[in-house]
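Structure below is data-v9.tsv: TSV, C-alpha atoms.
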```
chain	number	residue	atom	x	y	z
A	764	MET	CA	113.69	117.83	131.05
A	765	ILE	CA	110.18	119.28	131.30
A	766	ALA	CA	111.42	122.74	130.34
A	767	ALA	CA	113.34	121.35	127.37
A	768	GLU	CA	110.32	119.44	126.14
A	769	TYR	CA	108.22	122.59	126.47
A	770	ARG	CA	110.70	124.66	124.42
A	771	LEU	CA	110.75	122.04	121.70
A	772	ALA	CA	106.98	121.89	121.57
A	773	MET	CA	106.48	125.64	121.21
A	774	PRO	CA	107.64	125.98	117.56
A	775	LEU	CA	105.47	123.03	116.56
A	776	LYS	CA	102.44	124.57	118.23
A	777	ARG	CA	103.11	127.95	116.56
A	778	LYS	CA	103.53	126.19	113.22
A	779	HIS	CA	100.14	124.52	113.59
A	780	VAL	CA	98.54	127.84	114.49
A	781	LEU	CA	100.12	129.54	111.46
A	782	VAL	CA	98.94	126.78	109.16
A	783	ALA	CA	95.41	127.08	110.55
A	784	ILE	CA	95.48	130.87	110.07
A	785	ALA	CA	96.75	130.46	106.50
A	786	ILE	CA	93.99	127.99	105.65
A	787	ALA	CA	91.37	130.27	107.16
A	788	ALA	CA	92.72	133.22	105.17
A	789	ILE	CA	92.63	131.26	101.92
A	790	ILE	CA	89.05	130.15	102.59
A	791	PHE	CA	88.01	133.71	103.50
A	792	VAL	CA	89.45	135.23	100.29
A	793	ALA	CA	88.01	132.44	98.16
A	794	GLY	CA	84.62	133.00	99.78
A	795	ILE	CA	84.67	136.72	98.94
A	796	VAL	CA	85.49	136.05	95.27
A	797	TYR	CA	82.87	133.31	95.07
A	798	THR	CA	80.09	135.37	96.66
A	799	ALA	CA	80.73	138.25	94.27
A	800	SER	CA	80.24	136.04	91.21
A	801	HIS	CA	77.57	133.57	92.28
A	802	THR	CA	73.96	133.77	93.36
A	803	PRO	CA	72.43	130.45	94.47
A	804	GLY	CA	69.50	129.50	92.29
A	805	ALA	CA	70.01	132.35	89.83
A	806	GLU	CA	68.93	131.73	86.25
A	807	ASN	CA	72.51	131.78	84.96
A	808	GLY	CA	74.11	130.01	87.91
A	809	SER	CA	73.82	126.57	89.41
A	810	ILE	CA	73.64	125.57	93.03
A	811	ASN	CA	76.99	124.33	94.28
A	812	VAL	CA	76.52	121.14	96.29
A	813	VAL	CA	79.24	119.34	98.20
A	814	ALA	CA	78.47	115.91	99.61
A	815	THR	CA	80.77	113.82	101.74
A	816	PHE	CA	80.63	110.69	99.58
A	817	TYR	CA	79.09	109.00	96.55
A	818	PRO	CA	75.50	107.93	97.39
A	819	LEU	CA	74.67	111.38	98.76
A	820	ALA	CA	76.26	113.06	95.75
A	821	TYR	CA	74.34	110.70	93.47
A	822	PHE	CA	71.00	111.60	95.08
A	823	ALA	CA	71.84	115.31	94.87
A	824	SER	CA	72.67	115.00	91.16
A	825	GLU	CA	69.48	113.09	90.46
A	826	ILE	CA	67.38	115.75	92.19
A	827	GLY	CA	69.31	118.90	91.25
A	828	GLY	CA	69.73	118.03	87.59
A	829	ASP	CA	70.57	121.01	85.39
A	830	TYR	CA	70.46	123.45	88.29
A	831	ALA	CA	73.10	121.79	90.45
A	832	SER	CA	76.85	121.33	90.34
A	833	VAL	CA	77.60	118.40	92.65
A	834	ALA	CA	80.94	117.26	94.04
A	835	SER	CA	81.90	114.41	96.36
A	836	LEU	CA	84.62	115.14	98.91
A	837	ILE	CA	85.70	111.51	99.30
A	838	PRO	CA	86.99	110.08	96.01
A	839	TYR	CA	84.82	107.32	94.62
A	840	ASN	CA	85.40	103.80	95.95
A	841	THR	CA	87.60	105.00	98.78
A	842	GLU	CA	87.38	103.66	102.34
A	843	VAL	CA	85.09	106.11	104.12
A	844	HIS	CA	85.60	105.51	107.84
A	845	SER	CA	89.11	106.92	108.29
A	846	TRP	CA	89.17	109.55	105.53
A	847	GLN	CA	90.21	113.13	106.42
A	848	PRO	CA	89.63	116.36	104.45
A	849	SER	CA	92.45	118.36	102.87
A	850	THR	CA	92.82	122.13	102.44
A	851	ASN	CA	91.31	121.82	98.95
A	852	ASP	CA	88.34	120.02	100.45
A	853	MET	CA	87.91	122.88	102.92
A	854	LEU	CA	87.92	125.34	100.02
A	855	ALA	CA	85.35	123.32	98.10
A	856	ALA	CA	83.10	123.20	101.14
A	857	SER	CA	83.48	126.93	101.77
A	858	ASN	CA	82.22	127.63	98.23
A	859	ALA	CA	79.19	125.37	98.51
A	860	ASP	CA	75.58	126.46	98.83
A	861	ILE	CA	74.47	123.09	100.19
A	862	LEU	CA	76.64	120.81	102.32
A	863	ILE	CA	75.44	117.22	102.66
A	864	TYR	CA	76.71	114.56	105.00
A	865	ASN	CA	75.49	111.22	106.23
A	866	GLY	CA	75.92	111.46	109.98
A	867	ALA	CA	75.54	108.47	112.34
A	868	GLY	CA	79.31	108.59	112.83
A	869	ILE	CA	80.66	107.56	109.44
A	870	ASP	CA	81.74	111.06	108.42
A	871	ARG	CA	82.35	112.49	111.87
A	872	TRP	CA	85.29	114.47	110.47
A	873	PHE	CA	82.74	116.63	108.63
A	874	GLU	CA	81.41	118.01	111.90
A	875	ASP	CA	84.66	117.91	113.86
A	876	SER	CA	87.10	119.30	111.27
A	877	LEU	CA	85.34	120.81	108.29
A	878	LEU	CA	82.35	122.69	109.70
A	879	THR	CA	84.49	124.24	112.41
A	880	ALA	CA	86.95	125.58	109.82
A	881	ILE	CA	84.57	127.32	107.41
A	882	ASN	CA	81.92	130.03	107.56
A	883	THR	CA	78.56	128.33	107.14
A	884	THR	CA	76.53	131.55	107.00
A	885	GLY	CA	74.04	131.34	104.15
A	886	LYS	CA	74.70	127.64	103.54
A	887	LEU	CA	72.32	124.77	104.08
A	888	VAL	CA	73.92	121.92	106.03
A	889	VAL	CA	72.01	118.66	105.64
A	890	GLU	CA	72.57	115.71	107.98
A	891	THR	CA	70.72	113.06	106.03
A	892	ALA	CA	70.67	110.37	108.74
A	893	ALA	CA	69.19	112.72	111.36
A	894	GLY	CA	65.96	111.30	112.75
A	895	LEU	CA	66.35	107.89	111.10
A	896	PRO	CA	65.73	104.75	113.20
A	897	LEU	CA	69.38	103.84	113.68
A	898	ILE	CA	70.50	100.46	114.97
A	899	ALA	CA	73.47	99.85	117.22
A	900	GLY	CA	76.62	98.56	115.62
A	901	SER	CA	76.17	95.08	117.02
A	902	GLU	CA	72.48	94.78	116.19
A	903	GLY	CA	71.83	92.46	113.30
A	904	ASP	CA	75.42	91.23	113.62
A	905	PRO	CA	75.61	87.90	115.42
A	906	TYR	CA	79.38	88.06	115.03
A	907	HIS	CA	79.35	90.26	118.11
A	908	ASP	CA	76.39	88.52	119.75
A	909	HIS	CA	78.22	85.18	119.63
A	910	ASP	CA	81.42	86.74	121.01
A	911	TYR	CA	83.42	85.55	118.01
A	912	GLY	CA	85.07	88.94	117.87
A	913	SER	CA	85.91	89.36	121.55
A	914	GLU	CA	89.60	88.81	121.00
A	915	HIS	CA	90.93	91.30	118.48
A	916	GLU	CA	94.60	91.52	117.74
A	917	ASN	CA	96.24	94.94	117.26
A	918	GLU	CA	93.06	96.95	117.83
A	919	THR	CA	93.29	100.57	116.77
A	920	ALA	CA	92.14	103.41	118.99
A	921	GLU	CA	89.22	104.01	116.63
A	922	SER	CA	87.94	100.44	116.71
A	923	GLN	CA	88.28	100.42	120.48
A	924	GLU	CA	86.20	103.59	120.64
A	925	VAL	CA	83.54	101.89	118.52
A	926	GLN	CA	83.33	99.02	121.01
A	927	ASP	CA	83.46	101.22	124.10
A	928	HIS	CA	80.83	103.73	123.04
A	929	GLY	CA	78.42	101.55	121.04
A	930	LEU	CA	78.56	103.57	117.83
A	931	TYR	CA	75.47	103.27	115.65
A	932	ASP	CA	75.66	101.39	112.39
A	933	PRO	CA	76.15	104.29	109.93
A	934	HIS	CA	75.49	102.39	106.66
A	935	THR	CA	71.97	103.75	106.24
A	936	TRP	CA	72.15	104.37	102.47
A	937	ILE	CA	72.42	100.59	101.84
A	938	SER	CA	68.75	100.21	102.80
A	939	PRO	CA	66.44	101.48	100.01
A	940	ALA	CA	63.85	102.56	102.58
A	941	LEU	CA	66.31	104.63	104.62
A	942	ALA	CA	68.06	105.91	101.51
A	943	ARG	CA	64.73	107.31	100.36
A	944	GLN	CA	64.39	109.27	103.61
A	945	GLN	CA	67.92	110.60	103.20
A	946	ALA	CA	67.25	111.64	99.62
A	947	GLN	CA	64.07	113.41	100.71
A	948	LYS	CA	66.10	115.66	103.02
A	949	ILE	CA	68.30	116.57	100.05
A	950	TYR	CA	65.23	117.37	97.94
A	951	GLU	CA	63.84	119.61	100.67
A	952	ALA	CA	67.15	121.48	100.84
A	953	PHE	CA	67.00	122.25	97.11
A	954	VAL	CA	63.46	123.58	97.39
A	955	GLN	CA	64.35	125.68	100.42
A	956	LEU	CA	67.37	127.25	98.76
A	957	ASP	CA	65.90	127.64	95.28
A	958	PRO	CA	62.10	127.80	95.48
A	959	SER	CA	61.85	129.28	91.98
A	960	HIS	CA	62.69	125.83	90.55
A	961	SER	CA	60.71	123.82	93.08
A	962	ALA	CA	58.49	122.20	90.41
A	963	TYR	CA	61.59	120.96	88.60
A	964	TYR	CA	63.08	119.48	91.78
A	965	GLU	CA	59.75	117.96	92.77
A	966	GLN	CA	59.45	116.15	89.44
A	967	ARG	CA	62.95	114.72	89.67
A	968	TRP	CA	62.49	113.79	93.34
A	969	ALA	CA	59.28	111.95	92.50
A	970	LEU	CA	61.13	109.79	89.98
A	971	LEU	CA	63.95	109.04	92.43
A	972	SER	CA	61.50	108.33	95.24
A	973	GLU	CA	59.56	105.89	93.06
A	974	LYS	CA	62.75	104.03	92.08
A	975	LEU	CA	63.76	103.64	95.72
A	976	GLU	CA	60.28	102.48	96.72
A	977	ASP	CA	60.24	99.95	93.86
A	978	LEU	CA	63.67	98.70	94.93
A	979	ASP	CA	62.51	98.30	98.52
A	980	GLN	CA	59.49	96.30	97.34
A	981	ALA	CA	61.69	94.12	95.10
A	982	TYR	CA	63.96	93.30	98.06
A	983	ALA	CA	61.00	92.50	100.29
A	984	LEU	CA	59.23	90.33	97.71
A	985	ASN	CA	62.28	88.37	96.60
A	986	LEU	CA	63.85	87.83	100.02
A	987	SER	CA	60.56	86.72	101.55
A	988	ALA	CA	61.14	83.41	99.72
A	989	LYS	CA	64.53	82.79	101.36
A	990	THR	CA	65.32	79.34	102.73
A	991	LYS	CA	68.29	80.45	104.84
A	992	SER	CA	68.36	83.09	107.55
A	993	THR	CA	72.01	84.14	107.75
A	994	ILE	CA	74.59	85.76	105.49
A	995	PHE	CA	78.32	85.76	106.20
A	996	VAL	CA	80.16	88.96	105.27
A	997	THR	CA	83.69	90.27	105.65
A	998	HIS	CA	82.51	93.76	106.70
A	999	GLY	CA	79.49	94.21	108.96
A	1000	ALA	CA	77.86	96.93	106.86
A	1001	PHE	CA	74.55	95.28	106.01
A	1002	GLY	CA	72.71	95.48	109.31
A	1003	TYR	CA	69.93	97.67	107.92
A	1004	LEU	CA	69.20	95.21	105.12
A	1005	ALA	CA	69.18	92.36	107.64
A	1006	ASP	CA	66.89	94.32	109.95
A	1007	ARG	CA	64.37	95.27	107.28
A	1008	TYR	CA	64.24	92.01	105.33
A	1009	ASP	CA	64.43	89.64	108.28
A	1010	PHE	CA	67.79	87.89	108.14
A	1011	GLU	CA	71.05	88.01	110.10
A	1012	GLN	CA	74.54	89.03	109.13
A	1013	VAL	CA	77.66	87.49	110.63
A	1014	SER	CA	80.77	89.54	109.93
A	1015	VAL	CA	84.50	88.99	110.18
A	1016	ILE	CA	85.04	92.65	111.06
A	1017	GLY	CA	82.56	95.12	112.51
A	1018	ILE	CA	81.19	98.42	111.29
A	1019	SER	CA	84.47	100.36	111.60
A	1020	ALA	CA	86.32	98.19	109.04
A	1021	ASP	CA	89.48	98.69	111.12
A	1022	GLU	CA	89.37	95.63	113.35
A	1023	GLN	CA	91.86	92.76	113.07
A	1024	PRO	CA	90.04	89.49	113.74
A	1025	SER	CA	91.72	86.77	115.79
A	1026	ALA	CA	92.16	83.14	114.83
A	1027	SER	CA	89.42	82.19	117.28
A	1028	ALA	CA	87.05	84.62	115.52
A	1029	PHE	CA	87.65	82.89	112.19
A	1030	ALA	CA	87.20	79.48	113.78
A	1031	GLY	CA	83.91	80.52	115.37
A	1032	ILE	CA	82.52	81.83	112.09
A	1033	VAL	CA	83.56	78.65	110.25
A	1034	ASP	CA	81.81	76.60	112.96
A	1035	LEU	CA	78.63	78.62	112.47
A	1036	MET	CA	78.76	78.33	108.68
A	1037	VAL	CA	79.02	74.54	109.00
A	1038	GLU	CA	76.21	74.50	111.55
A	1039	ARG	CA	73.93	76.50	109.24
A	1040	ASP	CA	75.00	74.64	106.11
A	1041	THR	CA	75.99	77.87	104.37
A	1042	TYR	CA	78.84	78.03	101.88
A	1043	VAL	CA	78.59	81.57	100.50
A	1044	ILE	CA	80.79	84.43	101.68
A	1045	PHE	CA	80.03	88.06	100.78
A	1046	LEU	CA	82.74	90.60	100.00
A	1047	ASP	CA	82.63	94.26	99.06
A	1048	PRO	CA	85.15	94.83	96.23
A	1049	VAL	CA	86.31	98.13	97.76
A	1050	TYR	CA	88.05	96.10	100.48
A	1051	GLU	CA	90.77	93.51	100.15
A	1052	ASP	CA	89.73	89.89	99.89
A	1053	LYS	CA	92.11	88.28	102.38
A	1054	TYR	CA	89.45	87.63	105.02
A	1055	ALA	CA	87.05	86.10	102.50
A	1056	ASN	CA	89.79	83.88	101.09
A	1057	THR	CA	90.87	82.83	104.60
A	1058	LEU	CA	87.31	81.77	105.42
A	1059	LYS	CA	86.94	80.02	102.08
A	1060	ALA	CA	90.17	78.05	102.52
A	1061	GLU	CA	89.35	77.01	106.09
A	1062	LEU	CA	85.78	76.01	105.27
A	1063	GLU	CA	86.74	74.04	102.17
A	1064	SER	CA	89.56	72.32	104.06
A	1065	ARG	CA	87.24	71.27	106.86
A	1066	THR	CA	84.22	70.23	104.80
A	1067	SER	CA	85.46	69.56	101.23
A	1068	HIS	CA	82.46	71.65	100.18
A	1069	THR	CA	82.87	74.23	97.42
A	1070	VAL	CA	82.64	77.75	98.85
A	1071	THR	CA	81.47	80.68	96.71
A	1072	ILE	CA	82.56	84.31	97.22
A	1073	LEU	CA	79.96	86.81	96.03
A	1074	GLU	CA	80.02	90.61	95.97
A	1075	LEU	CA	77.87	92.90	98.06
A	1076	TYR	CA	78.47	96.51	97.11
A	1077	LEU	CA	78.56	99.40	99.56
A	1078	MET	CA	77.77	101.87	96.76
A	1079	LEU	CA	80.84	104.02	97.39
A	1080	GLY	CA	81.22	104.94	93.73
A	1081	PRO	CA	80.49	103.68	90.21
A	1082	VAL	CA	81.89	100.19	89.61
A	1083	ASN	CA	82.29	98.69	86.14
A	1084	GLY	CA	79.78	101.16	84.75
A	1085	MET	CA	77.25	100.41	87.51
A	1086	ASP	CA	75.70	103.33	89.39
A	1087	TYR	CA	73.95	103.26	92.77
A	1088	PHE	CA	70.84	101.49	91.52
A	1089	ASP	CA	72.74	99.00	89.37
A	1090	GLN	CA	74.80	97.98	92.39
A	1091	MET	CA	71.72	97.71	94.61
A	1092	GLU	CA	70.09	95.41	92.05
A	1093	ALA	CA	73.28	93.32	91.82
A	1094	ASN	CA	73.24	93.05	95.62
A	1095	LEU	CA	69.70	91.70	95.53
A	1096	LEU	CA	70.62	89.02	92.99
A	1097	ASN	CA	73.57	87.88	95.10
A	1098	LEU	CA	71.56	87.97	98.33
A	1099	LYS	CA	69.02	85.67	96.70
A	1100	LEU	CA	71.84	83.20	96.04
A	1101	GLY	CA	73.29	83.50	99.53
A	1102	LEU	CA	69.91	83.17	101.24
A	1103	GLY	CA	68.77	80.25	99.15
A	1104	VAL	CA	65.89	81.92	97.30
A	1105	PRO	CA	64.52	79.34	94.82
```

Could you take the file, read its structure, and then write that structure out as structure tokens?
Amino acid sequence: MIAAEYRLAMPLKRKHVLVAIAIAAIIFVAGIVYTASHTPGAENGSINVVATFYPLAYFASEIGGDYASVASLIPYNTEVHSWQPSTNDMLAASNADILIYNGAGIDRWFEDSLLTAINTTGKLVVETAAGLPLIAGSEGDPYHDHDYGSEHENETAESQEVQDHGLYDPHTWISPALARQQAQKIYEAFVQLDPSHSAYYEQRWALLSEKLEDLDQAYALNLSAKTKSTIFVTHGAFGYLADRYDFEQVSVIGISADEQPSASAFAGIVDLMVERDTYVIFLDPVYEDKYANTLKAELESRTSHTVTILELYLMLGPVNGMDYFDQMEANLLNLKLGLGVP
């Protein structure tokens, strides 16, 4: 039996090796053609930038302007945590001058699969969350602190890994203050690669930096008048906002977005919402609304109180004509409602 299984496995293994060799060959040839026709920062050529997902691509576009061609590997408004790159994505990355990723675990595939498959010689690789003051996945998330999520049904291997290894909360770009630090790393990469246009990049970075600082101040000023201290969300992605602006988030599912909450988890959250006299549930429109509607139905059934579902965007792509800043401003307006700002 062992020998038979070994013989069956051999063709599959060889097939995987051949596929890997073919991909590497395609990337190598594409790289030769690309290098022959493109000089980063040249007067007649733009810098090719590949970012893992929308907010990083948005910052790169705002800074690079006319001298940058920016692409996002993950399609806009797509679930980020479990996404995997294709051969075309590998090719796009191999032709880039600057590669930008978030880090903190949300785009781990970038390091594990993509960087190991391409030649990074001559490229700038920017990990924008490097050096940021990261918080643990359960910090700022009383859902875990109160043990409402201790019994998960049908846990995936990934969500189990998150619990076992204490993965950091990777949603850094949702905080204006941390997003500014991430954008600064992107600005510095442009200047390093293309110093001849440094004044241009500096001017555009200054405008972006000011907008992020103003947004941070608007959040701090408005939320300082809150009368409630807790928000209830379907996805625990807002820990950095809670940490910076002094409130708590209670989430149905944790940072991985792959957990399946138990009935007791729902019941515990409903109990806490009643205890804190809070009847607002936050939902990101990228994700399905079944958890929010379940909470709403249970809470209304128990209390006869009208429950409101509001949106909190993760800024994973333009939505209804709203870019990163438009969505951040919409989030602030809805947070003011949820936190009882007069």

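Here CA of Ala855 in chain A and CA of Thr879 in chain A stand 14.4 Å from one another.
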
Distance cut-off 7 Å, centre (77.0, 112.8, 102.5) in file coordinates, counting only C-alpha atoms: which residues qualify? Return them as a short mmCIF file (atom, residue, chain, number, x, y, z; two decimals) with C-alpha atoms, keeping the file's coordinate frame.
```cif
data_model
loop_
_atom_site.label_atom_id
_atom_site.label_comp_id
_atom_site.auth_asym_id
_atom_site.auth_seq_id
_atom_site.Cartn_x
_atom_site.Cartn_y
_atom_site.Cartn_z
CA ALA A 814 78.47 115.91 99.61
CA THR A 815 80.77 113.82 101.74
CA PHE A 816 80.63 110.69 99.58
CA LEU A 819 74.67 111.38 98.76
CA ALA A 820 76.26 113.06 95.75
CA ILE A 863 75.44 117.22 102.66
CA TYR A 864 76.71 114.56 105.00
CA ASN A 865 75.49 111.22 106.23
#
```

Checklist entry - So how many Å separate CA of His844 in chain A and CA of Ile1044 in chain A, to one decimal? => result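 One can read the CA of His844 in chain A to CA of Ile1044 in chain A distance as 22.5 Å.
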
Checklist entry - Looking at A:Ile898, A:Leu877, A:Ile1072, A:Asn840, which one is nearest to Ala1005 in chain A, with distances taken over only C-alpha atoms? => result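 Looking only at the distances to Ala1005 in chain A, the closest residue turns out to be A:Ile898.
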
Item to check | Spatial neighbours of range 1076-1088 of chain A, max dist 12 Å, only C-alpha atoms, sep filter under 6 positions, as a ChimeraX atom specification | outcome: /A:815-822,824-825,835-844,933-939,942,971,974-979,996-1001,1004,1045-1050,1094-1098

Next on the checklist: For His1068 in chain A, find every residue with an atom within 12 Å (counting only C-alpha atoms), except residues of its own chain fewer than 5 positions away, and show them as a ChimeraX atom specification.
Outcome noted: /A:1036-1037,1040-1043,1059-1063

Using all atoms listed in the file, which residues sit within 8 Å of Leu930 in chain A once same-chain residues fewer than 6 positions away are excluded, as a PDB file with C-alpha atoms, in the coordinates of the input?
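Okay, this is what ended up in out.pdb:
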```pdb
ATOM      1  CA  ALA A 867      75.540 108.470 112.340  1.00  0.00           C
ATOM      2  CA  GLY A 868      79.310 108.590 112.830  1.00  0.00           C
ATOM      3  CA  ALA A 899      73.470  99.850 117.220  1.00  0.00           C
ATOM      4  CA  GLY A 900      76.620  98.560 115.620  1.00  0.00           C
TER       5      GLY A 900
END
```

Item to check | Within 9 Å of Phe1010 in chain A using all atoms listed in the file, minus same-chain residues under 3 positions, as a ChimeraX atom specification | outcome: /A:903,991-994,1004-1007,1102

Since we have the selection now, will you write its residues out, keeping C-alpha atoms, as a JSON list (two decimals), in the frame of the given file?
```json
[["chain", "number", "residue", "atom", "x", "y", "z"],
["A", 903, "GLY", "CA", 71.83, 92.46, 113.30],
["A", 991, "LYS", "CA", 68.29, 80.45, 104.84],
["A", 992, "SER", "CA", 68.36, 83.09, 107.55],
["A", 993, "THR", "CA", 72.01, 84.14, 107.75],
["A", 994, "ILE", "CA", 74.59, 85.76, 105.49],
["A", 1004, "LEU", "CA", 69.20, 95.21, 105.12],
["A", 1005, "ALA", "CA", 69.18, 92.36, 107.64],
["A", 1006, "ASP", "CA", 66.89, 94.32, 109.95],
["A", 1007, "ARG", "CA", 64.37, 95.27, 107.28],
["A", 1102, "LEU", "CA", 69.91, 83.17, 101.24]]
```

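Each of A:Val1013, A:Met853, A:Leu897, A:Pro958 was checked against Tyr931 in chain A using only C-alpha atoms; the smallest atom-to-atom distance is that of A:Leu897.
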
Next on the checklist: Counting only C-alpha atoms, find residues at most 10 Å from (78.3, 127.3, 107.7) (file frame) and give them as a count of residues only.
Outcome noted: 18

Checklist entry - Hey, which of A:Leu895, A:Ala1055, A:Val833, A:Leu1075 ends up closest to Lys948 in chain A? Count all atoms listed in the file. => result A:Leu895

Checklist outcome for this item: Pairwise distance, CA of Thr891 in chain A with CA of Gln945 in chain A, equals 4.7 Å

Item to check | Test item: residues at most 7 Å from Tyr964 in chain A, all atoms listed in the file, excluding those fewer than 6 positions along its chain, as a ChimeraX atom specification | outcome: /A:826-827,950,954

Next on the checklist: Nearest residue to Glu1092 in chain A out of A:Asn811, A:Ser1014, A:Asn985, A:Ser972, using only C-alpha atoms?
Outcome noted: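 The closest residue to Glu1092 in chain A is A:Asn985.
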
Checklist entry - Which of these, A:Ala834, A:Val1104, A:Val1015, A:Val1033, has the shortest distance to Thr1066 in chain A once you count all atoms listed in the file? => result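 Going through A:Ala834, A:Val1104, A:Val1015, A:Val1033 one by one, the smallest distance to Thr1066 in chain A is for A:Val1033.
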